[in-house]
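A.B. asks: Okay, so here is query_29.txt, and as you'll see once you scroll down, it has compact mmCIF, C-alpha atoms.
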# COMPACT_ATOMS: atom_id res chain seq x y z
CA MET A 1152 -209.75 160.86 94.80
CA ALA A 1153 -212.17 163.51 96.06
CA CYS A 1154 -215.68 163.15 94.70
CA SER A 1155 -219.03 164.80 95.19
CA VAL A 1156 -222.03 162.54 95.63
CA ALA A 1157 -224.15 164.87 93.53
CA ASP A 1158 -221.76 164.83 90.57
CA SER A 1159 -220.82 161.17 90.38
CA GLY A 1160 -222.51 158.04 89.09
CA PHE A 1161 -220.20 155.79 91.11
CA LEU A 1162 -220.79 153.87 94.29
CA PHE A 1163 -218.84 155.04 97.33
CA LEU A 1164 -217.39 152.68 99.94
CA ALA A 1165 -217.28 154.48 103.28
CA SER A 1166 -216.08 153.90 106.82
CA LYS A 1167 -218.36 154.16 109.83
CA LYS A 1168 -216.78 157.47 110.79
CA ARG A 1169 -219.25 159.20 108.50
CA PRO A 1170 -222.81 157.86 108.27
CA VAL A 1171 -224.30 157.27 104.84
CA HIS A 1172 -228.06 157.22 104.52
CA SER A 1173 -229.88 154.37 102.81
CA THR A 1174 -231.27 156.54 100.02
CA ARG A 1175 -230.14 156.11 96.40
CA ILE A 1176 -226.93 158.02 95.86
CA GLY A 1177 -227.31 158.83 92.18
CA GLN A 1178 -227.55 157.66 88.62
CA ILE A 1179 -225.82 158.33 85.33
CA ALA A 1180 -228.48 158.06 82.64
CA SER A 1181 -226.03 158.22 79.79
CA THR A 1182 -224.24 155.01 80.78
CA GLY A 1183 -227.09 153.17 82.39
CA THR A 1184 -225.19 152.87 85.70
CA TYR A 1185 -227.16 152.68 88.92
CA CYS A 1186 -226.10 153.09 92.53
CA LEU A 1187 -226.99 150.66 95.29
CA LYS A 1188 -228.40 151.18 98.75
CA TRP A 1189 -226.02 151.27 101.72
CA GLU A 1190 -227.57 148.33 103.55
CA SER A 1191 -227.03 146.09 100.46
CA LEU A 1192 -223.26 146.60 100.73
CA PRO A 1193 -220.82 144.50 102.75
CA GLN A 1194 -220.02 146.42 105.92
CA ILE A 1195 -216.42 147.32 106.60
CA SER A 1196 -214.90 146.19 109.86
CA SER A 1197 -214.00 148.95 112.31
CA LYS A 1198 -210.44 147.67 112.23
CA GLN A 1199 -210.22 148.29 108.52
CA LYS A 1200 -209.01 151.54 107.18
CA GLY A 1201 -211.93 153.65 105.97
CA CYS A 1202 -212.15 154.94 102.42
CA LEU A 1203 -213.74 158.21 103.53
CA ILE A 1204 -211.79 160.57 105.73
CA TYR A 1205 -213.83 163.22 107.46
CA SER A 1206 -212.28 166.51 108.52
CA ARG A 1207 -214.39 168.92 110.55
CA LYS A 1208 -212.25 171.87 109.53
CA LYS A 1209 -212.30 171.38 105.76
CA ASN A 1210 -215.31 169.08 105.36
CA VAL A 1211 -213.51 167.09 102.60
CA ILE A 1212 -214.60 163.63 101.52
CA GLN A 1213 -212.13 161.22 99.93
CA ALA A 1214 -213.53 158.21 98.14
CA VAL A 1215 -212.73 155.32 95.89
CA ALA A 1216 -214.99 155.18 92.80
CA VAL A 1217 -216.19 151.76 91.72
CA PRO A 1218 -217.96 151.63 88.32
CA ILE A 1219 -221.20 149.68 88.22
CA ALA A 1220 -222.22 147.62 85.18
CA PRO A 1221 -225.30 148.71 83.22
CA ALA A 1222 -228.52 146.96 84.05
CA PRO A 1223 -229.81 144.42 81.49
CA LEU A 1224 -232.49 145.41 78.98
CA ASP A 1225 -235.26 143.61 80.84
CA SER A 1226 -237.36 146.70 81.55
CA ALA A 1227 -239.70 147.92 78.80
CA GLU A 1228 -239.38 151.47 80.13
CA GLU A 1229 -235.60 151.31 79.98
CA ARG A 1230 -235.66 149.97 76.42
CA LYS A 1231 -237.99 152.78 75.43
CA GLN A 1232 -235.66 155.39 76.95
CA LEU A 1233 -232.61 153.87 75.26
CA SER A 1234 -234.45 153.68 71.94
CA GLU A 1235 -235.05 157.41 72.04
CA LYS A 1236 -231.53 158.12 73.20
CA TYR A 1237 -229.81 156.00 70.53
CA GLY A 1238 -232.15 156.92 67.64
CA PHE A 1239 -234.00 153.58 67.46
CA ARG A 1240 -237.68 153.00 66.87
CA GLN A 1241 -237.54 149.86 69.01
CA ILE A 1242 -234.91 148.01 71.01
CA GLY A 1243 -235.89 144.38 71.31
CA GLU A 1244 -236.11 142.58 74.61
CA PRO A 1245 -233.48 139.87 75.21
CA LEU A 1246 -234.11 136.62 73.38
CA PRO A 1247 -234.44 133.64 75.76
CA ASP A 1248 -231.43 131.32 75.82
CA ASN A 1249 -233.48 128.28 74.82
CA VAL A 1250 -234.58 129.75 71.46
CA THR A 1251 -232.59 128.27 68.57
CA MET A 1252 -231.98 129.33 64.98
CA ARG A 1253 -234.04 126.35 63.88
CA ASP A 1254 -237.01 127.65 65.90
CA ILE A 1255 -236.83 131.00 64.10
CA THR A 1256 -236.15 129.60 60.62
CA GLU A 1257 -239.04 127.13 60.82
CA SER A 1258 -241.41 129.97 61.69
CA LEU A 1259 -240.80 131.56 58.25
CA PRO A 1260 -243.16 130.71 55.38
CA LYS A 1261 -241.63 128.37 52.80
CA LYS A 1262 -242.35 130.80 49.94
CA VAL A 1263 -239.72 133.30 51.14
CA PHE A 1264 -237.00 130.79 50.23
CA GLU A 1265 -238.22 130.35 46.65
CA ILE A 1266 -235.93 131.59 43.87
CA ASP A 1267 -237.67 133.42 41.02
CA ASP A 1268 -235.47 133.97 37.96
CA GLY A 1269 -237.89 136.60 36.66
CA LYS A 1270 -237.55 138.70 39.83
CA ALA A 1271 -233.78 138.21 39.74
CA LEU A 1272 -233.67 139.52 36.17
CA LYS A 1273 -235.81 142.48 37.22
CA SER A 1274 -233.24 143.43 39.89
CA VAL A 1275 -230.48 143.33 37.25
CA LEU A 1276 -232.50 145.60 34.95
CA ILE A 1277 -233.12 148.07 37.78
CA SER A 1278 -229.39 148.28 38.56
CA VAL A 1279 -228.23 148.51 34.94
CA THR A 1280 -230.84 151.17 34.09
CA SER A 1281 -230.23 153.28 37.21
CA TYR A 1282 -226.45 153.08 36.79
CA THR A 1283 -226.66 154.07 33.12
CA LEU A 1284 -228.91 156.98 34.07
CA GLY A 1285 -226.37 158.01 36.68
CA LEU A 1286 -223.52 158.07 34.17
CA PHE A 1287 -225.70 160.18 31.85
CA MET A 1288 -226.41 162.59 34.72
CA ILE A 1289 -222.68 162.91 35.46
CA ALA A 1290 -221.97 163.63 31.78
CA LYS A 1291 -224.64 166.33 31.49
CA ALA A 1292 -224.83 167.88 34.97
CA PRO A 1293 -223.25 171.30 35.65
CA TRP A 1294 -220.50 171.20 38.24
CA TYR A 1295 -222.76 172.29 41.11
CA LEU A 1296 -225.13 169.35 40.51
CA LEU A 1297 -222.38 166.75 40.26
CA PRO A 1298 -222.65 165.76 43.98
CA LEU A 1299 -226.29 164.77 43.38
CA ALA A 1300 -225.34 162.79 40.27
CA TRP A 1301 -222.55 161.05 42.20
CA ALA A 1302 -224.91 160.23 45.08
CA TRP A 1303 -227.40 158.65 42.68
CA THR A 1304 -224.76 156.73 40.72
CA GLY A 1305 -222.95 155.52 43.86
CA THR A 1306 -226.25 154.23 45.22
CA ALA A 1307 -227.11 152.60 41.88
CA VAL A 1308 -223.79 150.76 41.68
CA THR A 1309 -224.40 149.54 45.24
CA GLY A 1310 -227.26 147.60 43.68
CA PHE A 1311 -224.64 145.72 41.64
CA PHE A 1312 -223.02 144.71 44.89
CA VAL A 1313 -226.34 143.43 46.28
CA ILE A 1314 -226.87 141.31 43.16
CA GLY A 1315 -223.39 139.81 43.60
CA HIS A 1316 -224.19 139.40 47.29
CA ASP A 1317 -227.25 137.27 46.44
CA CYS A 1318 -225.17 135.24 44.00
CA ALA A 1319 -222.59 134.54 46.72
CA HIS A 1320 -225.36 133.25 49.01
CA LYS A 1321 -226.77 131.06 46.22
CA SER A 1322 -230.08 132.89 46.44
CA PHE A 1323 -230.06 134.59 43.00
CA SER A 1324 -230.64 131.81 40.46
CA LYS A 1325 -231.32 128.09 40.27
CA ASN A 1326 -228.34 127.84 37.92
CA LYS A 1327 -225.29 127.88 40.19
CA LEU A 1328 -222.75 128.45 37.40
CA LEU A 1329 -224.77 131.44 36.23
CA GLU A 1330 -224.68 132.78 39.80
CA ASP A 1331 -220.88 132.72 39.89
CA ILE A 1332 -220.65 134.44 36.48
CA VAL A 1333 -223.20 137.13 37.35
CA GLY A 1334 -221.64 137.65 40.79
CA THR A 1335 -218.17 138.12 39.31
CA LEU A 1336 -219.45 140.56 36.65
CA ALA A 1337 -221.56 142.52 39.15
CA PHE A 1338 -218.51 143.08 41.36
CA LEU A 1339 -216.19 144.20 38.52
CA PRO A 1340 -217.26 147.91 38.37
CA LEU A 1341 -216.46 148.01 42.10
CA ILE A 1342 -213.10 146.27 41.52
CA TYR A 1343 -214.19 143.89 44.26
CA PRO A 1344 -212.92 140.30 43.91
CA TYR A 1345 -216.03 138.14 44.14
CA GLU A 1346 -214.67 134.87 45.56
CA PRO A 1347 -212.44 136.42 48.28
CA TRP A 1348 -215.38 138.53 49.42
CA ARG A 1349 -217.69 135.47 49.40
CA PHE A 1350 -215.34 133.45 51.61
CA LYS A 1351 -214.94 136.29 54.11
CA HIS A 1352 -218.64 137.10 54.13
CA ASP A 1353 -219.64 133.50 54.83
CA ARG A 1354 -217.58 133.74 58.04
CA HIS A 1355 -219.38 136.96 58.98
CA HIS A 1356 -222.69 135.08 58.84
CA ALA A 1357 -221.33 132.12 60.74
CA LYS A 1358 -219.75 134.30 63.47
CA THR A 1359 -221.90 137.45 63.59
CA ASN A 1360 -220.84 139.72 66.47
CA MET A 1361 -218.38 137.14 67.79
CA LEU A 1362 -215.19 138.67 69.17
CA HIS A 1363 -212.11 138.03 67.02
CA GLU A 1364 -214.08 135.90 64.54
CA ASP A 1365 -216.57 138.22 62.82
CA THR A 1366 -215.05 139.54 59.59
CA ALA A 1367 -217.14 142.73 59.58
CA TRP A 1368 -216.79 145.55 62.13
CA GLN A 1369 -214.98 144.67 65.35
CA PRO A 1370 -214.67 146.94 68.40
CA VAL A 1371 -211.25 148.44 69.11
CA TRP A 1372 -209.24 146.45 71.67
CA LYS A 1373 -207.90 148.72 74.39
CA GLU A 1374 -204.67 146.74 74.74
CA GLU A 1375 -203.94 147.17 71.03
CA PHE A 1376 -205.05 150.79 71.12
CA ASP A 1377 -202.67 151.52 74.01
CA SER A 1378 -199.80 149.63 72.39
CA VAL A 1379 -199.67 151.76 69.22
CA PRO A 1380 -199.79 155.42 70.32
CA ALA A 1381 -198.46 156.52 66.91
CA LEU A 1382 -201.59 155.10 65.25
CA ARG A 1383 -204.16 156.30 67.77
CA LYS A 1384 -205.17 159.33 65.71
CA ALA A 1385 -205.70 157.16 62.65
CA ILE A 1386 -207.81 154.69 64.64
CA ILE A 1387 -209.88 157.50 66.17
CA LEU A 1388 -210.47 159.00 62.73
CA GLY A 1389 -211.28 155.59 61.28
CA TYR A 1390 -213.91 154.81 63.92
CA GLY A 1391 -215.13 158.42 63.96
CA PRO A 1392 -215.37 160.96 61.11
CA ILE A 1393 -214.22 158.72 58.25
CA ARG A 1394 -215.97 155.55 59.42
CA PRO A 1395 -218.56 155.82 56.60
CA TRP A 1396 -215.69 155.14 54.16
CA MET A 1397 -213.66 152.63 56.19
CA SER A 1398 -214.88 149.79 54.00
CA VAL A 1399 -212.19 151.00 51.57
CA ALA A 1400 -209.59 149.79 54.07
CA HIS A 1401 -211.50 146.54 54.59
CA TRP A 1402 -211.66 146.01 50.80
CA TRP A 1403 -207.91 146.49 50.42
CA LEU A 1404 -206.64 144.67 53.52
CA CYS A 1405 -208.89 141.59 53.48
CA HIS A 1406 -209.36 140.53 49.87
CA PHE A 1407 -206.08 140.72 47.97
CA ASN A 1408 -203.69 138.82 50.25
CA LEU A 1409 -203.59 135.11 49.39
CA SER A 1410 -202.22 134.23 52.84
CA LYS A 1411 -205.61 135.14 54.36
CA PHE A 1412 -207.35 132.25 52.62
CA ARG A 1413 -207.48 128.48 53.11
CA PRO A 1414 -205.58 126.26 50.66
CA ASN A 1415 -208.81 124.92 49.10
CA GLU A 1416 -209.94 128.52 48.42
CA ILE A 1417 -206.81 129.79 46.68
CA ASP A 1418 -207.62 128.73 43.10
CA ARG A 1419 -211.01 130.47 43.09
CA VAL A 1420 -209.49 133.52 44.76
CA LYS A 1421 -206.86 133.75 42.01
CA ILE A 1422 -209.55 133.65 39.29
CA SER A 1423 -211.44 136.53 40.93
CA LEU A 1424 -208.28 138.56 41.38
CA GLY A 1425 -207.39 137.99 37.73
CA CYS A 1426 -210.81 139.31 36.66
CA VAL A 1427 -210.44 142.42 38.80
CA PHE A 1428 -206.94 143.19 37.56
CA ALA A 1429 -208.08 142.66 33.96
CA PHE A 1430 -210.93 145.12 34.46
CA MET A 1431 -208.50 147.68 35.90
CA ALA A 1432 -205.98 147.08 33.10
CA ILE A 1433 -208.59 147.49 30.34
CA GLY A 1434 -211.40 149.57 31.82
CA TRP A 1435 -209.42 152.31 33.53
CA PRO A 1436 -207.22 153.14 30.50
CA LEU A 1437 -210.34 153.26 28.30
CA ILE A 1438 -212.04 155.72 30.66
CA ILE A 1439 -208.91 157.88 30.81
CA TRP A 1440 -208.44 157.71 27.03
CA LYS A 1441 -212.01 158.88 26.41
CA THR A 1442 -212.44 161.39 29.26
CA GLY A 1443 -209.00 162.08 30.79
CA ILE A 1444 -207.97 161.78 34.44
CA ILE A 1445 -210.74 164.19 35.45
CA GLY A 1446 -213.23 161.94 33.67
CA TRP A 1447 -211.89 158.91 35.55
CA ILE A 1448 -212.47 160.79 38.82
CA LYS A 1449 -215.96 161.94 37.75
CA PHE A 1450 -217.27 158.73 36.20
CA TRP A 1451 -215.57 156.06 38.30
CA LEU A 1452 -213.85 157.24 41.48
CA MET A 1453 -216.63 159.41 42.94
CA PRO A 1454 -219.42 156.83 42.40
CA TRP A 1455 -217.06 154.19 43.83
CA LEU A 1456 -216.62 156.28 46.98
CA GLY A 1457 -220.41 156.66 47.08
CA TYR A 1458 -220.72 152.87 47.00
CA HIS A 1459 -218.26 152.56 49.89
CA PHE A 1460 -220.28 155.06 51.89
CA TRP A 1461 -223.26 152.72 51.64
CA MET A 1462 -221.13 149.60 52.17
CA SER A 1463 -219.76 151.06 55.43
CA THR A 1464 -223.03 152.60 56.57
CA PHE A 1465 -225.19 149.53 55.98
CA THR A 1466 -222.68 147.30 57.78
CA MET A 1467 -222.37 149.69 60.74
CA VAL A 1468 -226.08 150.18 61.20
CA HIS A 1469 -226.86 146.47 60.81
CA HIS A 1470 -224.69 145.32 63.72
CA THR A 1471 -223.39 148.27 65.78
CA ALA A 1472 -225.18 149.90 68.72
CA PRO A 1473 -224.31 150.54 72.37
CA HIS A 1474 -226.75 147.84 73.54
CA ILE A 1475 -225.64 145.15 71.04
CA PRO A 1476 -222.76 143.12 72.52
CA PHE A 1477 -219.84 141.36 70.93
CA LYS A 1478 -219.27 138.07 72.75
CA THR A 1479 -216.50 135.52 73.02
CA SER A 1480 -217.06 132.13 71.38
CA ASP A 1481 -217.86 130.41 74.69
CA GLU A 1482 -220.61 132.96 75.48
CA TRP A 1483 -221.92 133.48 71.94
CA ASN A 1484 -225.44 132.38 71.04
CA ALA A 1485 -226.32 132.14 67.34
CA ALA A 1486 -230.01 132.99 67.66
CA GLN A 1487 -229.34 135.98 69.90
CA ALA A 1488 -226.59 137.28 67.60
CA GLN A 1489 -228.63 136.94 64.41
CA LEU A 1490 -232.10 138.00 65.64
CA ASN A 1491 -231.24 140.21 68.65
CA GLY A 1492 -227.89 141.46 67.35
CA THR A 1493 -228.99 142.55 63.85
CA VAL A 1494 -230.82 145.81 63.12
CA HIS A 1495 -233.60 146.50 60.65
CA CYS A 1496 -233.31 150.07 59.36
CA ASP A 1497 -235.66 151.92 57.01
CA TYR A 1498 -234.12 154.31 54.45
CA PRO A 1499 -235.70 156.66 51.91
CA SER A 1500 -237.58 154.57 49.35
CA TRP A 1501 -235.33 155.37 46.39
CA ILE A 1502 -232.32 154.03 48.31
CA GLU A 1503 -234.15 150.82 49.22
CA VAL A 1504 -235.22 150.28 45.58
CA LEU A 1505 -231.74 150.90 44.12
CA CYS A 1506 -230.10 148.73 46.82
CA HIS A 1507 -232.66 145.89 46.52
CA ASP A 1508 -233.81 145.98 50.17
CA ILE A 1509 -230.41 145.07 51.63
CA ASN A 1510 -231.49 147.19 54.63
CA VAL A 1511 -234.16 144.58 55.47
CA HIS A 1512 -231.37 142.70 57.15
CA ILE A 1513 -232.70 140.60 60.03
CA PRO A 1514 -234.27 137.87 57.86
CA HIS A 1515 -231.07 137.78 55.78
CA HIS A 1516 -229.18 136.82 58.96
CA ILE A 1517 -231.79 134.26 59.93
CA SER A 1518 -231.21 132.59 56.54
CA PRO A 1519 -228.87 133.96 53.84
CA ARG A 1520 -230.72 131.72 51.35
CA ILE A 1521 -233.67 134.17 51.29
CA PRO A 1522 -233.45 136.16 48.01
CA SER A 1523 -233.38 139.94 48.34
CA TYR A 1524 -236.79 140.26 46.65
CA ASN A 1525 -238.35 138.11 49.42
CA LEU A 1526 -236.78 139.89 52.39
CA ARG A 1527 -239.80 142.10 53.09
CA ALA A 1528 -242.19 139.16 53.27
CA ALA A 1529 -239.75 137.36 55.57
CA HIS A 1530 -239.42 140.41 57.81
CA GLN A 1531 -243.19 140.71 58.09
CA SER A 1532 -243.29 137.10 59.29
CA LEU A 1533 -240.57 137.82 61.86
CA GLN A 1534 -242.52 140.83 63.11
CA GLU A 1535 -245.60 138.66 63.58
CA ASN A 1536 -243.80 135.85 65.40
CA TRP A 1537 -240.76 137.47 67.04
CA GLY A 1538 -241.58 141.18 66.91
CA LYS A 1539 -240.82 142.02 70.52
CA TYR A 1540 -237.21 140.82 70.10
CA LEU A 1541 -236.38 142.92 67.03
CA ASN A 1542 -234.17 146.01 66.86
CA GLU A 1543 -235.72 148.49 64.42
CA ALA A 1544 -234.87 152.03 63.36
CA SER A 1545 -235.27 154.59 60.62
CA TRP A 1546 -232.03 156.07 59.32
CA ASN A 1547 -231.49 159.34 61.18
CA TRP A 1548 -228.81 161.69 62.48
CA ARG A 1549 -229.05 160.53 66.10
CA LEU A 1550 -228.53 156.90 65.10
CA MET A 1551 -225.39 157.76 63.12
CA LYS A 1552 -224.15 160.12 65.82
CA THR A 1553 -224.47 157.36 68.42
CA ILE A 1554 -222.45 154.91 66.31
CA LEU A 1555 -219.73 157.41 65.37
CA THR A 1556 -219.26 158.95 68.82
CA VAL A 1557 -219.94 156.07 71.24
CA CYS A 1558 -219.22 152.65 69.69
CA HIS A 1559 -215.44 152.48 69.88
CA VAL A 1560 -213.45 150.49 72.47
CA TYR A 1561 -214.58 147.05 73.62
CA ASP A 1562 -215.71 146.70 77.21
CA LYS A 1563 -217.19 143.45 78.54
CA GLU A 1564 -219.60 145.13 80.94
CA ARG A 1565 -220.61 148.21 78.95
CA ASN A 1566 -220.12 146.79 75.42
CA TYR A 1567 -218.42 149.99 74.22
CA VAL A 1568 -216.43 152.87 75.72
CA ALA A 1569 -216.05 156.05 73.68
CA PHE A 1570 -212.61 157.36 72.69
CA ASP A 1571 -213.21 160.66 74.49
CA GLU A 1572 -213.55 158.68 77.71
CA VAL A 1573 -210.45 156.54 77.10
CA VAL A 1574 -208.09 159.24 75.77
CA PRO A 1575 -209.87 162.60 76.12
CA GLU A 1576 -206.73 164.55 75.25
CA GLU A 1577 -206.53 162.84 71.82
CA ALA A 1578 -210.21 162.50 70.99
CA GLN A 1579 -210.81 165.90 69.38
CA PRO A 1580 -212.38 164.33 66.25
CA ILE A 1581 -215.03 162.69 68.45
CA THR A 1582 -215.80 165.83 70.47
CA PHE A 1583 -216.01 167.70 67.15
CA LEU A 1584 -218.60 165.22 65.85
CA LYS A 1585 -220.61 165.53 69.05
CA LYS A 1586 -220.75 169.30 68.57
CA VAL A 1587 -221.50 169.48 64.83
CA MET A 1588 -223.68 166.45 64.10
CA PRO A 1589 -227.42 167.13 64.44
CA ASP A 1590 -229.35 165.17 67.04
CA TYR A 1591 -232.53 164.66 65.06
CA ALA A 1592 -234.18 161.24 65.23
Can you turn what I pasted into structure tokens?
C.D. replies:
Amino acid sequence: MACSVADSGFLFLASKKRPVHSTRIGQIASTGTYCLKWESLPQISSKQKGCLIYSRKKNVIQAVAVPIAPAPLDSAEERKQLSEKYGFRQIGEPLPDNVTMRDITESLPKKVFEIDDGKALKSVLISVTSYTLGLFMIAKAPWYLLPLAWAWTGTAVTGFFVIGHDCAHKSFSKNKLLEDIVGTLAFLPLIYPYEPWRFKHDRHHAKTNMLHEDTAWQPVWKEEFDSVPALRKAIILGYGPIRPWMSVAHWWLCHFNLSKFRPNEIDRVKISLGCVFAFMAIGWPLIIWKTGIIGWIKFWLMPWLGYHFWMSTFTMVHHTAPHIPFKTSDEWNAAQAQLNGTVHCDYPSWIEVLCHDINVHIPHHISPRIPSYNLRAAHQSLQENWGKYLNEASWNWRLMKTILTVCHVYDKERNYVAFDEVVPEEAQPITFLKKVMPDYA
């Protein structure tokens, strides 16, 4: 293929018919690829056929392009540049291989693991009060203010999920039976089966950012993507414009099929499913009886979609970035995945209060036994002891734009390849997002 040195970020292999100087050929900043010097390359024998063919009449160069893997994040200057490019406040330096989870956990103060029933009750009161206020706002708001009421109520009901989340990790109460009851009840307005979610989520913590094994977001596999051309558009939409609501698909596909669970889990799964179906059979008809189908949409469906926006967004931001790799089980390192592969992200204060600091996520992956009300103290300790290894950001347009337009197809060397690079003729939703999404950080 004919290529211009000035336009390409690839390394050219040339014959001796045309001299190549030992200066750097070029660089693509957007992919982090760097070109090498000529003298560092293996020289091609004069008997071998050259890759460059020089014609004095047309002055045409023909070349073979060889992609070069991105350099590691060892340089502070490079991490700073990537932080600005991706919308991060800080990209942590690589964690040494000899650091273990035990090293990190033992650095945390003992008090962050303490369960306080009073603080747990306070979180329940915050969620119940804010959710009740949201329903009142929906009932009284004129139509043009309904989106604000839905945003508040969807965020408030996300707090119910976080309470159930703490119960599933046994970090809510000293009474373990009470935890299971509260967790099941907290999940009911979301029609989320508590036990199926708990089993799946435990595997997410055990296998964070492990290829094939992590039960949260996984990159798209190119082989699978190529094998189902009829579904490509749906996959592109799902990892692009509608990704902030893709947890709806995860909720449906992963939690209601008994075949996805181990035999010793089935009985508890059935109890949770029974509770959810009972809530739907009783709660939904009551809402419709009192308010009609429109009322069901206003009071339940729209806040539920608001919850799924946060469920998807939190999960994406916590573990997805161009510099955070997914690794196979033989290469995976627990400490690197949990400390280096998890992102702390600051949100507006009202969101953090209603969602009980679920965004303070790195200490939660160091130990899920830390209650949500102790996450900030634990994060402060991590900053003091392991601060240079942490990935930190504030929620912004550039961060979301990076995730939605770059983090698509798995690539071992580059971590992710964007859809518009893999199938540019079908990636209109991604090019659309690149054009319309702001780039503010």
A.B. asks: Residues at most 12 Å from region 1268-1275 of chain A, counting all atoms listed in the file, excluding those fewer than 3 positions away in the same chain, as an NGL selection string?
C.D. replies: :A and (1265 or 1278-1282 or 1307-1315 or 1317-1318 or 1321-1326 or 1329-1330 or 1333-1334 or 1336-1337 or 1503-1508 or 1522-1525)
A.B. asks: Hey, can you spit out that residue selection with C-alpha atoms as a tab-separated table (two decimals), in the frame of the given file?
C.D. replies:
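Output contents, as saved in out_35.tsv:
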chain	number	residue	atom	x	y	z
A	1265	GLU	CA	-238.22	130.35	46.65
A	1278	SER	CA	-229.39	148.28	38.56
A	1279	VAL	CA	-228.23	148.51	34.94
A	1280	THR	CA	-230.84	151.17	34.09
A	1281	SER	CA	-230.23	153.28	37.21
A	1282	TYR	CA	-226.45	153.08	36.79
A	1307	ALA	CA	-227.11	152.60	41.88
A	1308	VAL	CA	-223.79	150.76	41.68
A	1309	THR	CA	-224.40	149.54	45.24
A	1310	GLY	CA	-227.26	147.60	43.68
A	1311	PHE	CA	-224.64	145.72	41.64
A	1312	PHE	CA	-223.02	144.71	44.89
A	1313	VAL	CA	-226.34	143.43	46.28
A	1314	ILE	CA	-226.87	141.31	43.16
A	1315	GLY	CA	-223.39	139.81	43.60
A	1317	ASP	CA	-227.25	137.27	46.44
A	1318	CYS	CA	-225.17	135.24	44.00
A	1321	LYS	CA	-226.77	131.06	46.22
A	1322	SER	CA	-230.08	132.89	46.44
A	1323	PHE	CA	-230.06	134.59	43.00
A	1324	SER	CA	-230.64	131.81	40.46
A	1325	LYS	CA	-231.32	128.09	40.27
A	1326	ASN	CA	-228.34	127.84	37.92
A	1329	LEU	CA	-224.77	131.44	36.23
A	1330	GLU	CA	-224.68	132.78	39.80
A	1333	VAL	CA	-223.20	137.13	37.35
A	1334	GLY	CA	-221.64	137.65	40.79
A	1336	LEU	CA	-219.45	140.56	36.65
A	1337	ALA	CA	-221.56	142.52	39.15
A	1503	GLU	CA	-234.15	150.82	49.22
A	1504	VAL	CA	-235.22	150.28	45.58
A	1505	LEU	CA	-231.74	150.90	44.12
A	1506	CYS	CA	-230.10	148.73	46.82
A	1507	HIS	CA	-232.66	145.89	46.52
A	1508	ASP	CA	-233.81	145.98	50.17
A	1522	PRO	CA	-233.45	136.16	48.01
A	1523	SER	CA	-233.38	139.94	48.34
A	1524	TYR	CA	-236.79	140.26	46.65
A	1525	ASN	CA	-238.35	138.11	49.42
A.B. asks: Find the residues near region 1380-1384 of chain A: any atom within 9 Å, counting only C-alpha atoms, skip ones fewer than 5 places away on the same chain, and give them as a count of residues only.
C.D. replies: 4
A.B. asks: My list of candidates is A:Ala1319, A:Ile1422, A:Ile1513, A:Val1494. Which is closest to Ala1472 (chain A) when distances are computed with all atoms listed in the file?
C.D. replies: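 Of A:Ala1319, A:Ile1422, A:Ile1513, A:Val1494, the one nearest Ala1472 (chain A) is A:Val1494, counting all atoms listed in the file.
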A.B. asks: Report the distance between CA of Val1371 (chain A) and CA of Trp1483 (chain A) in Å, rounded to one decimal place.
C.D. replies: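 Spanning CA of Val1371 (chain A) to CA of Trp1483 (chain A) is a straight-line distance of 18.6 Å.
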A.B. asks: Contacts of region 1543-1560 of chain A at 8 Å or less, counting only C-alpha atoms, minus same-chain residues fewer than 5 places along, as a PyMOL selection string?
C.D. replies: chain A and resi 1236-1242+1370-1373+1390-1392+1394+1467-1468+1471-1473+1494-1498+1567-1570+1581-1582+1584-1585+1588-1592
A.B. asks: With distances taken over all atoms listed in the file, which of A:Pro1298, A:Pro1514, A:Gly1285, A:Pro1436 is nearest to Ala1528 (chain A)?
C.D. replies: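 Looking only at the distances to Ala1528 (chain A), the closest residue turns out to be A:Pro1514.
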A.B. asks: Which polymer residues have any atom within 12 Å of an atom of Ser1518 (chain A), counting all atoms listed in the file, with same-chain residues fewer than 3 positions away left out, as a ChimeraX atom specification?
C.D. replies: /A:1252-1253,1255-1259,1261,1263-1264,1317,1320-1322,1353,1356-1357,1485-1486,1489-1490,1512-1515,1521-1523,1525-1526,1529-1530,1533
A.B. asks: Between CA of Thr1306 (chain A) and CA of Ile1509 (chain A), what is the distance, to one decimal in Å?
C.D. replies: 11.9 Å
A.B. asks: Determine the axis-aligned bounding box of all atoms of region 1497-1507 of chain A present in the file, pad each side by 6 Å, and express its centre and edge lengths in Å to one decimal place as JSON.
C.D. replies:
{"center_x": -233.8, "center_y": 151.3, "center_z": 50.6, "size_x": 19.5, "size_y": 22.8, "size_z": 24.9}
A.B. asks: Between CA of Gly1425 (chain A) and CA of Glu1346 (chain A), what is the distance in Å, rounded to a tenth?
C.D. replies: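 Between CA of Gly1425 (chain A) and CA of Glu1346 (chain A) the gap works out to 11.1 Å.
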A.B. asks: When you look at Pro1247 (chain A) with a cut-off of 12 Å (counting all atoms listed in the file), what residues show up, excluding the ones that are within fewer than 2 positions of it in the same chain? I need them as a PyMOL selection string.
C.D. replies: chain A and resi 1225+1243-1245+1249-1252+1254+1484-1488+1490-1491+1537+1539-1540
